[in-house]
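J.: I have a structure here, written as C-alpha cells, and I will follow up with some questions on it.
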Number of protein chains: 2
Amino acid sequence: MANFNAQLPTIFGALSDPTRLAVVERLVTGPASVSELAKPFDMAGPSFLKHLKVLEDAGLARSEKKGRVRTVTLSPDGLHWVEEWALRHRRLWEHRLDNLGNFLVKGNN
Amino acid sequence: MANFNAQLPTIFGALSDPTRLAVVERLVTGPASVSELAKPFDMAGPSFLKHLKVLEDAGLARSEKKGRVRTVTLSPDGLHWVEEWALRHRRLWEHRLDNLGNFLVKGNN
C-alpha cells in the first residue's frame with residue numbers, strides 16, 4: 001500500500017467510465033472470462049479489451065490465459081484504497097463541522 | 001441521491017486528476033478562496049479555474065462570489081457516494097470469499 005496517494009488518481013480514472021465501473025461491479029461477484037464480461041456491452045472486442053487493460057493498469061483487476069480462455073479476477077486493494085480515502089476525508093469534513101458547532105454553541109452561552 | 005449510479009463515473013472522473021484530488025483534500029478542512037486554493041499549484045489561472053469547474057460540475061464543490069473574492073466550499077455528498085460504492089462492493093467481494101471458504105471447509109469434511 002506504499003503508493004497509496006500516487007495511485008489514487010489512476011484508480012479513480014479507471015472507475016470514471018460506465019463500462020469499466022460495470023465490469024468492476026460484475027467482478028466483485030467472482031472471476032469471469034473476457035467473453036462473459038463483454039456480453040452485456042454493445043462494443044467491438046478491441047474496444048472492450050482496452051477497457052480491461054485500463055482496469056489492469058490501475059491495479060483493479062488481473063487476468064490469466066489458460067488455453068483459449070482469458071479469465072479476469074478483481075484485485076480488491078483498489079476498492080480498499082478508494083473506501084479508505086473517501087472515509088478519511090468525510091471524517092475530516094465532519095470533524096470540522098463538529099468543531100464549528102461546538103464553537104457556535106460556546107459562542108452563544 | 002436519486003442519480004447515484006449515473007453520477008458516479010463523473011465523480012470518479014473529477015477525482016482522477018492529482019490537482020483536483022489535492023483541492024478536495026484541502027476543502028475538507030474548510031472553505032477557501034480561489035486564490036488560496038490555487039497557491040500550491042504552478043498553474044495558469046484559467047487552467048486552475050477549469051479544474052474547479054470540473055469539481056463543481058461533478059457536484060463535489062460549489063462556489064460563491066462576494067465582491068472580488070470567490071469562495072469554494074466542499075459538497076460532501078459526492079464523498080459519501082464514493083465511500084458507499086466502495087464499501088458495498090468490497091463487502092460483496094468479501095461475502096463471496098466467505099461463501100467460497102465455507103464451501104471448501106464443508107467439502108473437506
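Identifiers for the C-alpha cells are assigned positionally: chains receive A, B, ... in sequence, residues are indexed from 1 per chain, and ligands are indexed from 1 in the order shown.
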Residues within 8 Å of Arg62 (chain A), please, as number ranges by chain. Count only C-alpha atoms; anything in the same chain fewer than 5 positions from it doesn't count.
T.: A: 56, 72-75
J.: Store the residues picked out above, limited to C-alpha atoms, as a CSV table (one decimal), in the first residue's frame.
T.:
chain,number,residue,atom,x,y,z
A,56,GLU,CA,-5.4,-3.9,-15.0
A,72,VAL,CA,-10.3,-11.8,-15.3
A,73,THR,CA,-10.3,-11.5,-11.5
A,74,LEU,CA,-10.8,-8.5,-9.2
A,75,SER,CA,-7.8,-7.1,-7.3
J.: Within 8 Å of chain B, which residues of chain A show up? Give each one with its shortest atom-to-atom distance in Å (one decimal) and the two atoms involved, counting only C-alpha atoms, rows by chain then rising residue number, as a tab-separated table.
T.:
residue	atom	partner	partner_atom	distance
A:Leu8	CA	B:Ser16	CA	7.4
A:Pro9	CA	B:Ser16	CA	4.0
A:Thr10	CA	B:Ser16	CA	6.1
A:Ile11	CA	B:Ser16	CA	7.3
A:Phe12	CA	B:Ser16	CA	4.7
A:Gly13	CA	B:Ser16	CA	4.5
A:Leu15	CA	B:Phe12	CA	6.0
A:Ser16	CA	B:Pro9	CA	4.0
A:Asp17	CA	B:Pro9	CA	5.3
A:Pro18	CA	B:Pro9	CA	6.0
A:Leu21	CA	B:Pro9	CA	7.4
A:Glu25	CA	B:His89	CA	6.9
A:Val28	CA	B:Trp93	CA	4.6
A:Thr29	CA	B:Trp93	CA	6.1
A:Gly30	CA	B:Arg96	CA	7.2
A:Pro76	CA	B:Arg90	CA	7.1
A:Leu79	CA	B:Ala86	CA	5.5
A:His80	CA	B:Arg90	CA	7.1
A:Val82	CA	B:Ala86	CA	6.4
A:Glu83	CA	B:Glu83	CA	5.0
A:Glu84	CA	B:Glu83	CA	7.8
A:Ala86	CA	B:Glu83	CA	5.1
A:Leu87	CA	B:Glu83	CA	6.0
A:His89	CA	B:Val28	CA	6.3
A:Arg90	CA	B:Leu79	CA	6.4
A:Leu92	CA	B:Val28	CA	6.1
A:Trp93	CA	B:Val28	CA	4.6
A:Arg96	CA	B:Thr29	CA	6.4
J.: If you run DSSP on the backbone here, which positions in region 20-78 of chain B get strand (DSSP E or B)? Please write them as a PyMOL selection string.
T.: chain B and resi 32-33+61-66+69-74
J.: In Å, rounded to a single decimal, give me how far CA of Asp42 (chain B) is from CA of Leu55 (chain B).
T.: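 Answer for the CA of Leu55 (chain B) to CA of Asp42 (chain B) separation: 18.8 Å.
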J.: Just asking: which residues within region 59-98 of chain A are helix (DSSP H, G or I) according to DSSP, as a PyMOL selection string?
T.: chain A and resi 77-98
